[in-house]
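Written below as structure tokens is the structure these notes are about.
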Amino acid sequence: MKIVTYNVNGLRQRVSQFDSLLKLLDSFDADIICFQETKLRRQELTADLTIADGYESFFSCTRTCEKGRTGYSGVATFCRVKSASLSCEAALPVAAEEGFTGLVNSSLRGGKKNDDTCVVAEGFEEYEKDELLRIDQEGRCVITDHGHFVLFNVYGPRAVADDADRIEFKHRFYDVLKRRWECLLRQGRRVFVVGDLNIAPFAMDRCEAGPDFEKNEFRKWFRSLLVERGGSFSDVFRSKHPERKDAFTCWSSSSGAEQFNYGSRIDHILVAGPCLHEEEDQQGHSFLACHVKECDILTEYKRFKNENMPTRWKGGLGVKLKGSDHVPVFTSFDDFPDIPQHSTPPLASRYLPMIYGFQQTLASVLMKRQASEQARAIEVSCSSSSQSCGEISKGPLRNCSTTGTSPKESCSLEKESTGRVTTTSGDENKKKVRRIQSSQQLSLKSFFTSKPPSHVSSSQSSSQGESITEPTVSGKEDDELTTTSSPEQDQSGSSAKQKNDAALMEWQRIQNLMQNSIPLCKGHKEACVARVVKKPGPTFGRRFYVCSRAEGPSSNPEANCGYFKWASSKFRDK
């Protein structure tokens with residue numbers, strides 16, 4: 001069995017990159033594929049993003065709008081199976097759960113957070129339901145029970161150093177999640193945890209980590225989970241490659257860090273629990289030692305490939321890189337024995353209303369039937385009150401004389417209908433003209449030149465008015481108009497060329513001024529790139545200059561030299 005974890009940084013973008021969901025999934029050749037950061041809201045789950053032939057999928061989407069967080073996280077687990085019903089495959093889960101507190105599944109079944117139907121998962125009895133739901137509403141976990149093991153697909157929250165609210169949220173998130181793991185391990189279950197945990201546990205998992213790197217509280221928490229520190233889990237990649245350096249899974253997309261492999265390892269696969277052997281003496285046995293074959297990073301999914309780049313990073317790239325800022329991590333195990341026959345759990349995407357279709361209630365059927373009966377009654381009353389009107393509405397207007405209407409009345413009806421059609425077509429033409437006029441975007445040169453005065457003679461305006469009332473104009477008159485306007489067109493063309501040249505010269509002058517004001521970095525003597533502070537604070541909106549090269553190790557002279565300079569030495573607080 002092969003398991004892959006991948007932060008896709010937008011599932012819709014990755015599906016588009018590979019042309020279809022099926023091609024994306026097949027590229028991994030794995031039995032279970034876990035995606036993080038799908039960036040999909042529940043109402044955005046469509047068949048092309050959730051259904052692929054030969055796979056069953058299970059999604060968790062964010063349900064909060066706090067601080068504008070809508071459709072920004074989300075996880076999905078895809079399982080490759082031969083049959084979705086009465087299957088013995090271990091890849092097809094026997095049960096699935098959205099979230100990890102038990103409350104998200106209860107809300108899907110129609111229960112409210114204070115109802116008796118909302119039963120929290122075992123081990124969370126001491127927590128308030130409101131607190132658990134607040135932790136579990138960002139769509140950060142999907143649990144699938146595969147008989148031999150329970151798989152947690154997790155997208156860990158990110159918290160910067162000065163955001164106290166998110167730091168507290170991250171603490172509560174991992175404390176509650178760890179409580180769920182411990183409960184399952186006490187029951188004798190095997191627990192697999194895969195995903196982007198947003199934690200690099202060791203200094204060797206971060207490029208140029210500082211001396212206090214491992215003192216971070218979340219890195220301490222991660223290391224406390226490991227067997228080497230008295231915990232229950234094994235970091236599969238580090239166990240298989242204990243000395244490998246520069247093994248990273250994520251790079252900053254805003255600084256070109258992929259070019260010099262200046263990244264971190266925050267995508268993990270953790271396993272805990274006993275091995276499958278039924279021997280009485282389990283000394284020396286562990287799931288890692290007995291069943292894990294290999295684990296590695298799929299670097300071929302990196303966006304930045306030096307051999308394919310037409311240009312190096314210079315404050316950005318001239319081409320748009322396709323792919324995520326993460327790369328997948330995979331692990332493979334010895335084949336698991338088959339499990340008892342079971343079918344796809346109800347959480348599967350195939351059963352979602354937006355995929356399978358909304359089921360009609362009895363009340364909606366009766367309301368539709370009542371509405372149709374009312375409409376039929378109104379139609380019958382109209383036909384009985386005026387037989388000729390009913391026949392005219394059913395048949396074409398040209399045949400209305402056959403119903404007893406005089407030819408004169410028939411002709412008047414035709415004229416009225418023709419007038420209405422003409423008016424409608426005229427309105428449509430006006431709308432088209434307005435759309436065309438609104439679509440004409442101003443060019444850059446229009447901002448540097450004054451608008452020429454428009455001179456419209458009374459004869460031209462009168463001729464335009466005549467052309468509206470009398471659409472037929474002879475060919476001779478057309479020729480005369482064309483001959484008369486050609487010198488004016490030549491004159492306007494020459495003046496337009498002069499205006500274009502003036503606008504071009506003005507733009508070149510502005511570019512030269514901007515180029516002269518840009519400083520050179522001290523490391524490479526190259527023009528810097530301008531940036532603006534976007535973080536709220538006293539310097540918000542202030543402009544500064546930095547080295548234009550990609551971020552990389554300080555030992556590499558080709559990487560960013562770290563130059564920084566404010567755009568203006570005089571800064572006034574606003």
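Ligands are numbered from 1 in the order shown, residues from 1 within each chain, and chains are lettered A, B, ... in the order they appear in the structure tokens.
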
Neighbour list for Val533 (chain A) as an MDAnalysis selection string, cut-off 10 Å, only C-alpha atoms, skip fewer than 6 positions in-chain: chainID A and resid 539:544

Please, could you write that set of residues out with N, CA, C and O atoms as an mmCIF file, in the first residue's frame?
data_model
loop_
_atom_site.group_PDB
_atom_site.id
_atom_site.type_symbol
_atom_site.label_atom_id
_atom_site.label_comp_id
_atom_site.auth_asym_id
_atom_site.auth_seq_id
_atom_site.Cartn_x
_atom_site.Cartn_y
_atom_site.Cartn_z
ATOM 1 N N THR A 539 4.303 51.161 10.272
ATOM 2 C CA THR A 539 4.929 51.330 8.957
ATOM 3 C C THR A 539 4.053 50.812 7.820
ATOM 4 O O THR A 539 4.535 50.627 6.701
ATOM 5 N N PHE A 540 2.787 50.564 8.101
ATOM 6 C CA PHE A 540 1.900 50.027 7.071
ATOM 7 C C PHE A 540 1.821 50.978 5.864
ATOM 8 O O PHE A 540 1.642 52.183 6.009
ATOM 9 N N GLY A 541 1.986 50.409 4.661
ATOM 10 C CA GLY A 541 1.929 51.195 3.442
ATOM 11 C C GLY A 541 3.230 51.857 3.046
ATOM 12 O O GLY A 541 3.308 52.480 1.974
ATOM 13 N N ARG A 542 4.265 51.728 3.879
ATOM 14 C CA ARG A 542 5.538 52.374 3.556
ATOM 15 C C ARG A 542 6.298 51.566 2.509
ATOM 16 O O ARG A 542 6.296 50.341 2.506
ATOM 17 N N ARG A 543 6.990 52.241 1.622
ATOM 18 C CA ARG A 543 7.703 51.634 0.511
ATOM 19 C C ARG A 543 9.163 51.409 0.889
ATOM 20 O O ARG A 543 9.773 52.228 1.570
ATOM 21 N N PHE A 544 9.731 50.282 0.431
ATOM 22 C CA PHE A 544 11.145 49.976 0.689
ATOM 23 C C PHE A 544 11.729 49.202 -0.480
ATOM 24 O O PHE A 544 11.001 48.733 -1.363
#

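Atom pair CA of Gln36 (chain A) / CA of Leu270 (chain A): separated by 15.9 Å.
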
For CA of His241 (chain A) and CA of Leu185 (chain A), the interatomic separation in Å (one decimal): 25.8 Å

All residues 9 Å or closer to Leu22 (chain A), only C-alpha atoms, same chain fewer than 4 positions away omitted, as a ChimeraX atom specification: /A:15,18,26-27,51-55

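In this model, the gap between CA of Lys82 (chain A) and CA of Ser324 (chain A) comes to 29.4 Å.
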
For Arg12 (chain A), which residue among A:Gly537, A:Pro353, A:Pro340, A:Gly323 is the nearest when counting only C-alpha atoms? A:Gly323
